[in-house]
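Asker: Got a file for you: start36.cif, mmCIF, C-alpha atoms and all ligand atoms.
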```cif
data_start
loop_
_atom_site.label_atom_id
_atom_site.label_comp_id
_atom_site.auth_asym_id
_atom_site.auth_seq_id
_atom_site.Cartn_x
_atom_site.Cartn_y
_atom_site.Cartn_z
CA MET A 631 52.70 32.08 -20.30
CA HIS A 632 53.46 33.08 -23.91
CA ARG A 633 51.46 36.17 -25.01
CA ARG A 634 50.27 34.53 -28.19
CA ARG A 635 48.88 31.54 -26.28
CA VAL A 636 47.02 33.80 -23.85
CA PHE A 637 45.49 35.61 -26.81
CA THR A 638 44.33 32.32 -28.36
CA MET A 639 42.78 31.27 -25.04
CA LEU A 640 40.90 34.55 -24.74
CA ARG A 641 39.60 34.23 -28.27
CA THR A 642 38.42 30.66 -27.57
CA ALA A 643 36.70 31.76 -24.36
CA ARG A 644 34.91 34.57 -26.22
CA ARG A 645 33.79 32.16 -28.91
CA LEU A 646 32.42 29.70 -26.33
CA ALA A 647 30.59 32.47 -24.47
CA GLY A 648 29.05 33.62 -27.74
CA ALA A 649 27.80 30.14 -28.44
CA VAL A 650 25.48 30.11 -25.42
CA ARG A 651 24.17 33.66 -25.92
CA PRO A 652 20.60 33.79 -27.27
CA LEU A 653 20.45 34.71 -30.94
CA GLY A 654 19.57 38.38 -31.39
CA ASN A 655 16.56 39.41 -29.33
CA ALA A 656 14.54 36.29 -30.06
CA PRO A 657 12.53 35.33 -26.95
CA GLN A 658 13.73 32.15 -25.33
CA VAL A 659 10.95 29.60 -25.08
CA ARG A 660 11.54 27.15 -22.33
CA THR A 661 8.91 24.93 -20.78
CA PHE A 662 9.12 22.05 -18.40
CA VAL A 663 7.18 18.81 -18.79
CA ALA A 664 4.09 19.34 -16.64
CA ALA A 665 3.33 16.63 -14.10
CA LYS A 666 0.09 14.71 -14.57
CA LEU A 667 -2.07 12.85 -12.10
CA PRO A 668 -1.58 9.18 -13.02
CA ASP A 669 -4.56 6.85 -13.35
CA LEU A 670 -4.77 4.02 -10.86
CA ASP A 671 -4.46 0.43 -12.08
CA TYR A 672 -7.51 -0.51 -9.93
CA ASP A 673 -10.81 0.97 -8.79
CA TYR A 674 -10.99 3.14 -5.68
CA GLY A 675 -12.86 0.39 -3.84
CA ALA A 676 -10.55 -2.43 -4.92
CA LEU A 677 -8.24 -2.22 -1.91
CA GLU A 678 -11.07 -2.77 0.58
CA PRO A 679 -11.27 -3.77 3.33
CA VAL A 680 -7.65 -2.71 3.96
CA VAL A 681 -8.12 0.83 2.60
CA SER A 682 -11.64 2.14 2.05
CA GLY A 683 -12.83 3.43 -1.30
CA GLU A 684 -13.61 6.78 0.32
CA ILE A 685 -9.99 7.19 1.48
CA MET A 686 -8.64 6.12 -1.91
CA GLN A 687 -10.87 8.53 -3.80
CA LEU A 688 -9.95 11.51 -1.59
CA HIS A 689 -6.30 10.52 -1.44
CA HIS A 690 -5.89 10.18 -5.21
CA SER A 691 -8.33 12.68 -6.71
CA LYS A 692 -7.91 15.41 -4.08
CA HIS A 693 -4.61 15.09 -2.19
CA HIS A 694 -2.39 13.78 -4.98
CA ASN A 695 -4.09 16.04 -7.51
CA THR A 696 -3.35 19.09 -5.35
CA TYR A 697 0.36 18.18 -5.19
CA VAL A 698 0.40 17.92 -9.00
CA THR A 699 -1.35 21.28 -9.45
CA ASN A 700 0.86 23.11 -6.97
CA PHE A 701 4.04 21.51 -8.32
CA ASN A 702 3.20 22.68 -11.84
CA VAL A 703 2.45 26.21 -10.61
CA ALA A 704 5.77 26.35 -8.74
CA MET A 705 7.68 24.96 -11.74
CA GLU A 706 6.13 27.50 -14.12
CA LYS A 707 7.25 30.28 -11.78
CA TYR A 708 10.66 28.64 -11.49
CA SER A 709 11.06 28.50 -15.28
CA GLU A 710 10.16 32.17 -15.57
CA ALA A 711 12.59 33.14 -12.82
CA GLU A 712 15.30 30.98 -14.37
CA MET A 713 14.95 32.73 -17.73
CA LYS A 714 15.28 36.10 -16.01
CA GLY A 715 18.22 34.94 -13.93
CA ASP A 716 16.15 35.79 -10.82
CA TYR A 717 18.08 33.59 -8.42
CA ALA A 718 16.34 34.81 -5.26
CA THR A 719 12.95 33.75 -6.61
CA MET A 720 14.38 30.44 -7.82
CA ILE A 721 15.63 29.75 -4.30
CA SER A 722 12.39 30.86 -2.67
CA LEU A 723 10.42 28.34 -4.77
CA GLN A 724 12.47 25.35 -3.70
CA GLY A 725 10.36 24.56 -0.63
CA ALA A 726 7.18 24.37 -2.74
CA ILE A 727 8.93 22.30 -5.40
CA LYS A 728 10.28 19.82 -2.85
CA PHE A 729 6.97 19.48 -1.01
CA ASN A 730 4.58 19.26 -3.96
CA GLY A 731 6.99 17.54 -6.32
CA GLY A 732 7.81 15.06 -3.56
CA GLY A 733 4.09 14.50 -3.01
CA HIS A 734 3.65 13.71 -6.68
CA VAL A 735 6.71 11.45 -6.92
CA ASN A 736 5.91 9.56 -3.71
CA HIS A 737 2.23 8.92 -4.42
CA SER A 738 3.02 7.82 -7.98
CA ILE A 739 5.24 5.10 -6.49
CA PHE A 740 2.77 4.26 -3.71
CA TRP A 741 -0.25 3.57 -5.98
CA LYS A 742 1.83 1.10 -8.03
CA ASN A 743 3.12 -0.54 -4.84
CA LEU A 744 -0.45 -1.51 -3.94
CA ALA A 745 -2.88 -3.95 -5.52
CA PRO A 746 -6.11 -5.70 -4.55
CA ALA A 747 -5.28 -8.43 -1.99
CA LYS A 748 -6.52 -11.17 -4.35
CA ASP A 749 -3.85 -10.16 -6.88
CA CYS A 750 -0.96 -10.05 -4.39
CA ALA A 751 1.56 -12.86 -3.96
CA PRO A 752 4.58 -13.01 -1.63
CA PRO A 753 7.96 -11.92 -3.03
CA ASP A 754 10.08 -14.48 -4.84
CA GLY A 755 13.20 -14.72 -6.99
CA GLU A 756 15.96 -12.11 -6.65
CA LEU A 757 13.85 -9.88 -4.40
CA LEU A 758 13.21 -12.66 -1.90
CA LYS A 759 16.90 -13.61 -2.00
CA LEU A 760 17.94 -10.06 -1.08
CA ILE A 761 15.24 -9.80 1.61
CA GLU A 762 16.49 -13.00 3.23
CA ARG A 763 20.14 -11.95 2.94
CA ASP A 764 19.60 -8.42 4.31
CA PHE A 765 16.83 -8.97 6.88
CA GLY A 766 16.75 -12.71 7.58
CA SER A 767 13.18 -13.23 6.36
CA LEU A 768 10.16 -11.42 4.95
CA ALA A 769 8.57 -11.44 8.42
CA LYS A 770 11.65 -9.72 9.89
CA LEU A 771 11.66 -7.11 7.14
CA GLN A 772 7.98 -6.39 7.78
CA GLU A 773 8.53 -6.15 11.53
CA LYS A 774 11.42 -3.70 11.18
CA PHE A 775 9.72 -1.65 8.44
CA SER A 776 6.47 -1.43 10.42
CA ALA A 777 8.20 -0.37 13.64
CA GLN A 778 10.16 2.43 11.95
CA THR A 779 7.23 3.59 9.83
CA VAL A 780 4.76 3.67 12.72
CA ALA A 781 7.32 5.75 14.66
CA VAL A 782 7.48 8.56 12.05
CA GLN A 783 6.73 11.75 13.97
CA GLY A 784 3.96 13.71 12.33
CA SER A 785 3.54 13.13 8.60
CA GLY A 786 5.90 11.13 6.42
CA TRP A 787 6.75 7.91 4.67
CA GLY A 788 8.28 4.51 5.35
CA TRP A 789 10.53 3.12 2.62
CA LEU A 790 12.18 -0.05 1.48
CA GLY A 791 14.97 1.22 -0.75
CA TYR A 792 17.87 -0.12 -2.75
CA ASP A 793 21.30 1.19 -1.82
CA LYS A 794 23.32 1.14 -5.03
CA ALA A 795 26.63 1.72 -3.24
CA SER A 796 26.38 -1.46 -1.18
CA GLY A 797 23.99 -3.40 -3.41
CA SER A 798 21.67 -3.98 -0.47
CA LEU A 799 18.11 -3.33 0.65
CA LYS A 800 17.57 -0.75 3.36
CA ILE A 801 14.67 0.59 5.39
CA ALA A 802 14.33 4.33 5.84
CA THR A 803 11.76 6.95 6.71
CA THR A 804 11.33 10.49 5.43
CA ALA A 805 9.42 13.43 6.87
CA ASN A 806 6.63 15.30 5.09
CA GLN A 807 6.81 14.60 1.34
CA ASP A 808 10.58 14.20 1.15
CA PRO A 809 11.26 11.58 -1.53
CA CYS A 810 13.20 8.41 -0.75
CA ALA A 811 16.03 9.66 -2.98
CA THR A 812 16.76 12.38 -0.39
CA VAL A 813 18.15 9.67 1.89
CA GLY A 814 20.28 8.23 -0.91
CA LEU A 815 18.12 5.21 -1.74
CA THR A 816 16.22 4.16 -4.84
CA PRO A 817 12.61 3.61 -3.70
CA LEU A 818 11.20 0.10 -4.08
CA LEU A 819 8.25 0.30 -1.67
CA GLY A 820 6.77 3.32 0.09
CA VAL A 821 4.05 3.45 2.70
CA ASP A 822 2.27 6.75 3.27
CA VAL A 823 1.68 7.43 6.95
CA TRP A 824 0.11 10.85 6.61
CA GLU A 825 -3.16 10.85 8.54
CA HIS A 826 -5.05 11.44 5.26
CA ALA A 827 -3.94 7.92 4.25
CA TYR A 828 -5.77 6.16 7.09
CA TYR A 829 -7.52 8.41 9.60
CA LEU A 830 -11.09 8.13 8.23
CA GLN A 831 -10.89 4.36 8.70
CA TYR A 832 -8.29 3.63 11.38
CA LYS A 833 -8.58 6.86 13.41
CA ASN A 834 -5.49 7.19 15.60
CA LEU A 835 -4.42 3.56 15.12
CA ARG A 836 -1.55 3.98 12.69
CA PRO A 837 -0.03 0.60 13.73
CA ASP A 838 -3.21 -1.22 12.62
CA TYR A 839 -3.12 0.53 9.25
CA VAL A 840 0.55 -0.28 8.63
CA LYS A 841 0.00 -3.91 9.67
CA ALA A 842 -2.98 -4.25 7.30
CA VAL A 843 -1.19 -2.62 4.36
CA TRP A 844 1.06 -5.70 3.98
CA GLU A 845 -2.00 -7.56 2.65
CA ILE A 846 -2.14 -5.23 -0.37
CA VAL A 847 1.57 -4.84 -1.16
CA ASN A 848 2.17 -5.62 -4.82
CA TRP A 849 5.50 -7.46 -4.50
CA LYS A 850 5.60 -7.92 -8.26
CA ASN A 851 5.85 -4.14 -8.61
CA VAL A 852 8.48 -3.99 -5.85
CA ALA A 853 10.52 -6.60 -7.78
CA GLU A 854 10.19 -4.53 -10.98
CA ASN A 855 11.45 -1.47 -9.09
CA LEU A 856 14.42 -3.52 -7.86
CA ALA A 857 15.25 -4.73 -11.37
CA ALA A 858 15.11 -1.15 -12.66
CA ALA A 859 17.26 0.12 -9.77
CA LYS A 860 20.13 -2.32 -10.33
MN MN3 B 901 -0.71 10.83 0.88
#
```
Using structure tokens, write down the structure from this file.
Ligand code: MN3

Answerer:
Amino acid sequence: MHRRRVFTMLRTARRLAGAVRPLGNAPQVRTFVAAKLPDLDYDYGALEPVVSGEIMQLHHSKHHNTYVTNFNVAMEKYSEAEMKGDYATMISLQGAIKFNGGGHVNHSIFWKNLAPAKDCAPPDGELLKLIERDFGSLAKLQEKFSAQTVAVQGSGWGWLGYDKASGSLKIATTANQDPCATVGLTPLLGVDVWEHAYYLQYKNLRPDYVKAVWEIVNWKNVAENLAAAK
């Protein structure tokens, strides 16, 4: 390579590096947008008898709220570590970010997926068309979804997701608070099968809880999620 050209390249590289250096010794102020516990669109008791008001209150105001609090704490620490270039700390925080951030993301979807039974109507339009194409019928989707979700070992979630690559609907499960996106799908409908979601009411009978949840699935919200995913 010509010497003059190498010199020009070095000068350009130095200029670019200078552009991202902080100005003087001014402190860098960097904050992340703190997560907030979302309000529910219905009262705690509005999903009865499928899910009791007691479960809803604990689930939203205690469990979900704790994920939000712990996610924000982990993200504050992450931001500080990031500014210091403390990569080891950044890596050590990733478990807490995934778990608590996943808890926040998943429950935020879940609350919107549900509605009082009197306000729920079966899916129609584009959503119904895709359900029938990809599963045969709504009943078959529900059967397959329920079987896989009931079979989650320990704590986790059942999902109906949209697969952008194939343009189709897919059923998946995730462990713990892993979000649906970790299996490559855009979440349309999630069902929480952590024991805190049903145990006070259904005890060990997770299949009864999952079967009953279909009565309070807000298909209108699922259709909105599909429209946004496409
Ligand atoms: Mn939960």

Asker: Record the distance separating CA of Gly788 in chain A and CA of Cys810 in chain A, expressed in Å with one decimal.

Answerer: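 Interatomic distance here is 8.8 Å.
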
Asker: List as a ChimeraX atom specification the protein and nucleic acid residues near Glu706 in chain A, meaning an atom at most 12 Å away when all atoms listed in the file are counted, but skip any in the same chain fewer than 6 places from it.

Answerer: /A:660-665,699-700,712-713,719-720,723,726-727

Asker: Choose the residue, out of A:Lys742, A:Arg763, A:His826, A:Lys774, that has the smallest atom-to-atom separation from Asn855 in chain A; count only C-alpha atoms.

Answerer: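 The answer is A:Lys742, which sits nearest to Asn855 in chain A.
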
Asker: Residues at most 8 Å from ligand MN3 901 (chain B), using only C-alpha atoms and all ligand atoms? Could they come as an mmCIF file with C-alpha atoms, keeping the file's coordinate frame?

Answerer:
```cif
data_model
loop_
_atom_site.group_PDB
_atom_site.id
_atom_site.type_symbol
_atom_site.label_atom_id
_atom_site.label_comp_id
_atom_site.auth_asym_id
_atom_site.auth_seq_id
_atom_site.Cartn_x
_atom_site.Cartn_y
_atom_site.Cartn_z
ATOM 1 C CA HIS A 689 -6.300 10.520 -1.440
ATOM 2 C CA HIS A 693 -4.610 15.090 -2.190
ATOM 3 C CA HIS A 694 -2.390 13.780 -4.980
ATOM 4 C CA GLY A 733 4.090 14.500 -3.010
ATOM 5 C CA HIS A 737 2.230 8.920 -4.420
ATOM 6 C CA ASP A 822 2.270 6.750 3.270
ATOM 7 C CA VAL A 823 1.680 7.430 6.950
ATOM 8 C CA TRP A 824 0.110 10.850 6.610
ATOM 9 C CA HIS A 826 -5.050 11.440 5.260
ATOM 10 C CA ALA A 827 -3.940 7.920 4.250
#
```

Asker: Suppose you want the space between CA of Lys666 in chain A and CA of Leu790 in chain A; what is it in Å?

Answerer: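 Between these atoms lies a distance of 24.9 Å.
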
Asker: Would you pick out the contacts of Gln687 in chain A at 10 Å or less, using only C-alpha atoms, so that residues sharing its chain but fewer than 6 positions from it are not included, and give the list as a list in words?

Answerer: Asp673, Tyr674, Gly675 and His693 of chain A

Asker: Scan for residues within 12 Å of the point (-6.1, -1.7, -12.5) in the coordinates of the file, using all atoms listed in the file, and reply as a ChimeraX atom specification.

Answerer: /A:668-677,741-742,744-746,749,848

Asker: Restricting the calculation to only C-alpha atoms, which member of A:Thr816, A:Arg836, A:Gln831, A:Val735 is positioned closest to Gly784 in chain A?

Answerer: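 Residue with the minimum atom-to-atom distance to Gly784 in chain A: A:Arg836.
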
Asker: Which residue out of A:Val840, A:Ala751, A:Leu757, A:Leu835 has the minimum interatomic distance to Gln772 in chain A when all atoms listed in the file are used?

Answerer: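 Closest residue, counting all atoms listed in the file: A:Val840.
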
Asker: Any idea what's packed within 8 Å of Glu825 in chain A, counting only C-alpha atoms, ignoring anything in its chain fewer than 3 positions away? Could you give it as a VMD selection string?

Answerer: chain A and resid 785 828 to 829
